[in-house]
Amino acid sequence: MILGKTVTFTALAIALAAPALAEDLTIGLATAQTGVLAPYDQPSLAGFQMRVDEINAAGGIAGKFPIKLIAKDTRSDAAQTALVAQELVEEGVQIVITPCDADPSIAAGMITQEARIPAFSFCATTPTLPLAVGDYMFGNYPADNVQAAMLADYATDQGYKTAYILMSPDSAYTLKLPEYFGQAFTAKGGTLLGEGTFAMGQQDFSAEVTKIAAMDPKPDVIMTAAYEPDFPAFIRQLRGTGVTTPVLGSDGIDSPTTFAMGDLVEGVVFSTAGFAAEGSPLAAFNAKYKEKTGEVPNTLYIANGYDLGTVIDAAVTKADSLDPTAIRDAIASLDNIEGVTGAISYAGTMGMPLRTVALVRIVDGKRELVTQGVPAAADIPAP
C-alpha cells in the first residue's frame, strides 16, 4: 500500500480539455497529489510516467496506441476520489488508476464498475478490494494476506513462539494485515499474547508501549502495519521505554523516513514487493531511473508504478483494442508478465495479482534481503 521525500508531479502530462483522438488510450489518474496518500501515490506516478514516456517514444502500445493521461488530485479523500472518478468517466477515459489505499479505491471503483471501465489501485493491498467493487477492479501489489503469510513464515523460522499485534481500525490495511498475520502465525503453532489498537495520526503511543513494557513475559515479536507518521512515532517511543523486542512491519514503512531513523529501526524486518539484488531487473531499473532523473529511487513504489505501465501495455496489446471491456478481459487473463519487480499474473485470481513478496531487514540504514518468494497457498489466510 503505502515516504519522506515527495516526487514532484510537474513532469506528469495533464490533459485539461480536448477529448482524446480515437487512436489514443486515455488513462485517468484519480490519485493523491496532496494529503496523507501523496507520499505513496507520487512515487508510483513518477514510475508510471517514466514507463508511459517509454511506450509513447516507441509509437504507443503495440506501435499504434499512444497513451494520454488526465490527472486529477483526490486530496487523499474518499469522497473527492469518487467525484474525480466520475469526472474522468465523463471525459471518456478507458482506464482509471486509483490511490494507494482501499477506501478511496473502492469509492472510485463503484463509479468505474458501473461505467464498465477497468480500474487499478496503484498500491492498495486489501485482498478483498476487487470483491468489494466488481470484476472491473484490479490491484497492483502483493495482497495483505500474502504479505502476512510471508511474515508469519519468517517469524516461525526465527523460532518466535509468541507475538503481539498492533492495529488501527481506521483503515483496512492497518487493521487486516496484522489480523492476517495473527491468523497465519497461530496456524503455525504460535501464540498471540495480546493485541493493541491506535488511532491513525495520534502520535502518542505511550499507553501501548507502557502496556508492552509491562508484559511478563514479553512477546518474542511485535507486528504492525502502521506507517507514516504512526510507525516512526511508535518505534521511537517503544525503544524509548527500553523494549528491544524484534519488530515486523509491512510495505508501508518502505520509506526514506524509516531508513533515516538510525538505531531505532535497526533489525526491523518488513514485507515489500521486490529487492534490487545485484544483476536483477530491479537493480537495472534503479540505475536507469538514476540516469534519467539524477536521483536514486528511495522507495519501491517508483518501480511498482513503472510495472503498472508494463501491465497496461501487455493488456492493451493482447486486446488489440481500446474498448474498455476488451481491455478488462485481457487484464484478467495476463500470466507471468515480466516486470522489474518480478513476474505478475492475474490469470486465475479474483483481481489481486499473484506476485513475489520480499522480506527486507534494515541494517545500518540500508536494505538487506532476508528472503523472497510466494508463500504456500495453504498458509495464506482467507480474505
# chains A, B, ... in the order shown; residues from 1 in each chain; ligands from 1
>>> residues_around(residues="Asn145 in chain A", least_positions_apart="3", cutoff="12 Å", atoms="only C-alpha atoms", output="PyMOL selection string")
chain A and resi 125-128+141-142+148-152+172-173+175-185+225+250+271+352+354+357+374-383
>>> residues_around(residues="Ile222 in chain A", least_positions_apart="4", cutoff="8 Å", atoms="only C-alpha atoms", output="JSON, numbers by chain")
{"A": [163, 164, 165, 166, 245, 246, 247, 248]}
>>> write_last_selection(atoms="N, CA and C atoms", output="CSV table (one decimal), in the first residue's frame")
chain,number,residue,atom,x,y,z
A,163,ALA,N,3.6,-13.6,20.0
A,163,ALA,CA,3.6,-12.3,19.3
A,163,ALA,C,2.6,-11.4,19.8
A,164,TYR,N,2.8,-10.1,19.6
A,164,TYR,CA,1.8,-9.0,19.9
A,164,TYR,C,1.6,-8.3,18.6
A,165,ILE,N,0.3,-8.0,18.3
A,165,ILE,CA,0.0,-7.3,17.1
A,165,ILE,C,-0.6,-5.9,17.5
A,166,LEU,N,-0.3,-4.9,16.7
A,166,LEU,CA,-0.7,-3.5,16.9
A,166,LEU,C,-1.5,-3.1,15.7
A,245,THR,N,12.3,-5.8,21.9
A,245,THR,CA,11.6,-6.9,21.2
A,245,THR,C,11.7,-6.7,19.6
A,246,PRO,N,12.0,-7.7,18.8
A,246,PRO,CA,12.0,-7.5,17.4
A,246,PRO,C,10.7,-7.0,16.8
A,247,VAL,N,10.7,-6.2,15.8
A,247,VAL,CA,9.5,-5.6,15.2
A,247,VAL,C,9.4,-6.0,13.8
A,248,LEU,N,8.2,-6.5,13.4
A,248,LEU,CA,7.9,-6.8,12.0
A,248,LEU,C,7.0,-5.7,11.4
>>> select_by_dssp(residues="range 116-154 of chain A", states="strand (DSSP E)", output="mmCIF file with N, CA and C atoms, in the first residue's frame")
data_model
loop_
_atom_site.group_PDB
_atom_site.id
_atom_site.type_symbol
_atom_site.label_atom_id
_atom_site.label_comp_id
_atom_site.auth_asym_id
_atom_site.auth_seq_id
_atom_site.Cartn_x
_atom_site.Cartn_y
_atom_site.Cartn_z
ATOM 1 N N ALA A 119 -10.242 -0.477 -13.662
ATOM 2 C CA ALA A 119 -9.524 0.401 -12.739
ATOM 3 C C ALA A 119 -8.463 -0.403 -12.000
ATOM 4 N N PHE A 120 -7.337 0.235 -11.751
ATOM 5 C CA PHE A 120 -6.255 -0.333 -10.941
ATOM 6 C C PHE A 120 -6.005 0.595 -9.757
ATOM 7 N N SER A 121 -5.789 0.028 -8.586
ATOM 8 C CA SER A 121 -5.219 0.806 -7.494
ATOM 9 C C SER A 121 -3.705 0.735 -7.624
ATOM 10 N N MET A 137 -12.336 -4.158 -11.302
ATOM 11 C CA MET A 137 -11.379 -3.586 -10.349
ATOM 12 C C MET A 137 -10.204 -4.524 -10.168
ATOM 13 N N PHE A 138 -8.980 -3.969 -10.194
ATOM 14 C CA PHE A 138 -7.775 -4.773 -10.051
ATOM 15 C C PHE A 138 -6.807 -4.116 -9.062
#
>>> residues_around(residues="Pro130 in chain A", least_positions_apart="3", cutoff="12 Å", atoms="only C-alpha atoms", output="number ranges by chain")
A: 102-103, 105-110, 112-113, 118-121, 124-127, 133-140, 143, 332, 346, 349-353, 383
>>> write_last_selection(atoms="C-alpha atoms", output="mmCIF file, in the first residue's frame")
data_model
loop_
_atom_site.group_PDB
_atom_site.id
_atom_site.type_symbol
_atom_site.label_atom_id
_atom_site.label_comp_id
_atom_site.auth_asym_id
_atom_site.auth_seq_id
_atom_site.Cartn_x
_atom_site.Cartn_y
_atom_site.Cartn_z
ATOM 1 C CA ALA A 102 -8.557 0.554 -0.371
ATOM 2 C CA ASP A 103 -11.157 3.014 0.919
ATOM 3 C CA SER A 105 -10.144 2.989 -4.381
ATOM 4 C CA ILE A 106 -13.460 1.350 -3.521
ATOM 5 C CA ALA A 107 -15.184 4.739 -3.710
ATOM 6 C CA ALA A 108 -13.766 5.296 -7.198
ATOM 7 C CA GLY A 109 -14.341 1.681 -8.172
ATOM 8 C CA MET A 110 -18.057 1.935 -7.578
ATOM 9 C CA THR A 112 -15.854 2.823 -12.768
ATOM 10 C CA GLN A 113 -17.557 -0.541 -12.238
ATOM 11 C CA PRO A 118 -11.230 -1.143 -15.766
ATOM 12 C CA ALA A 119 -9.524 0.401 -12.739
ATOM 13 C CA PHE A 120 -6.255 -0.333 -10.941
ATOM 14 C CA SER A 121 -5.219 0.806 -7.494
ATOM 15 C CA ALA A 124 -3.753 -0.763 -2.185
ATOM 16 C CA THR A 125 -3.177 -4.225 -0.727
ATOM 17 C CA THR A 126 -6.541 -5.230 0.747
ATOM 18 C CA PRO A 127 -7.226 -8.660 -0.802
ATOM 19 C CA VAL A 133 -16.141 -3.447 -6.217
ATOM 20 C CA GLY A 134 -16.584 -5.965 -9.026
ATOM 21 C CA ASP A 135 -14.847 -7.587 -11.957
ATOM 22 C CA TYR A 136 -13.533 -4.322 -13.437
ATOM 23 C CA MET A 137 -11.379 -3.586 -10.349
ATOM 24 C CA PHE A 138 -7.775 -4.773 -10.051
ATOM 25 C CA GLY A 139 -4.963 -4.467 -7.563
ATOM 26 C CA ASN A 140 -1.298 -3.881 -8.401
ATOM 27 C CA ALA A 143 -2.106 -8.551 -1.058
ATOM 28 C CA ALA A 332 -7.863 -10.836 -16.245
ATOM 29 C CA TYR A 346 -3.818 -12.010 -12.975
ATOM 30 C CA THR A 349 -7.067 -14.667 -9.496
ATOM 31 C CA MET A 350 -10.004 -12.579 -8.289
ATOM 32 C CA GLY A 351 -8.312 -9.339 -9.330
ATOM 33 C CA MET A 352 -5.373 -9.141 -6.911
ATOM 34 C CA PRO A 353 -2.202 -10.132 -8.787
ATOM 35 C CA PRO A 383 -9.592 -12.877 2.632
#
>>> residues_around(residues="range 273-289 of chain A", least_positions_apart="3", cutoff="10 Å", atoms="only C-alpha atoms", output="NGL selection string")
:A and (46-47 or 50 or 141-143 or 147 or 251 or 292-298 or 300-304 or 306 or 338-342 or 355-360 or 367-373)
>>> residues_around(residues="Gly63 in chain A", least_positions_apart="5", cutoff="12 Å", atoms="only C-alpha atoms", output="mmCIF file with C-alpha atoms, in the first residue's frame")
data_model
loop_
_atom_site.group_PDB
_atom_site.id
_atom_site.type_symbol
_atom_site.label_atom_id
_atom_site.label_comp_id
_atom_site.auth_asym_id
_atom_site.auth_seq_id
_atom_site.Cartn_x
_atom_site.Cartn_y
_atom_site.Cartn_z
ATOM 1 C CA GLU A 23 -6.233 6.020 -31.525
ATOM 2 C CA ASP A 24 -5.219 7.299 -28.070
ATOM 3 C CA GLU A 54 8.978 4.977 -22.997
ATOM 4 C CA ILE A 55 5.864 3.458 -24.571
ATOM 5 C CA ASN A 56 4.943 6.679 -26.345
ATOM 6 C CA ALA A 57 8.520 7.154 -27.592
ATOM 7 C CA ALA A 58 8.156 3.760 -29.300
ATOM 8 C CA ASP A 313 0.893 -2.221 -22.192
ATOM 9 C CA VAL A 316 -3.961 -3.446 -24.470
ATOM 10 C CA THR A 317 -1.562 -5.273 -26.792
ATOM 11 C CA ASP A 320 -5.662 -5.133 -29.674
#
>>> select_by_dssp(residues="range 139-326 of chain A", states="helix (DSSP H, G or I)", output="PyMOL selection string")
chain A and resi 144-157+172-187+206-214+230-240+251-253+256-259+262-265+281-293+301-319+324-326
>>> closest_residue(among="A:Met200, A:Val363, A:Ala315, A:Ala214", to="Ala260 in chain A", atoms="only C-alpha atoms")
A:Val363
>>> residues_around(residues="Ile27 in chain A", least_positions_apart="6", cutoff="10 Å", atoms="only C-alpha atoms", output="number ranges by chain")
A: 67-71, 88, 92-97, 119, 312
>>> atom_distance(atom1="CA of Gln158 in chain A", atom2="CA of Gly194 in chain A")
19.6 Å
>>> atom_distance(atom1="CA of Gln42 in chain A", atom2="CA of Asp329 in chain A")
28.2 Å
>>> closest_residue(among="A:Ile362, A:Leu45, A:Val52, A:Ala347", to="Asp254 in chain A", atoms="only C-alpha atoms")
A:Ile362
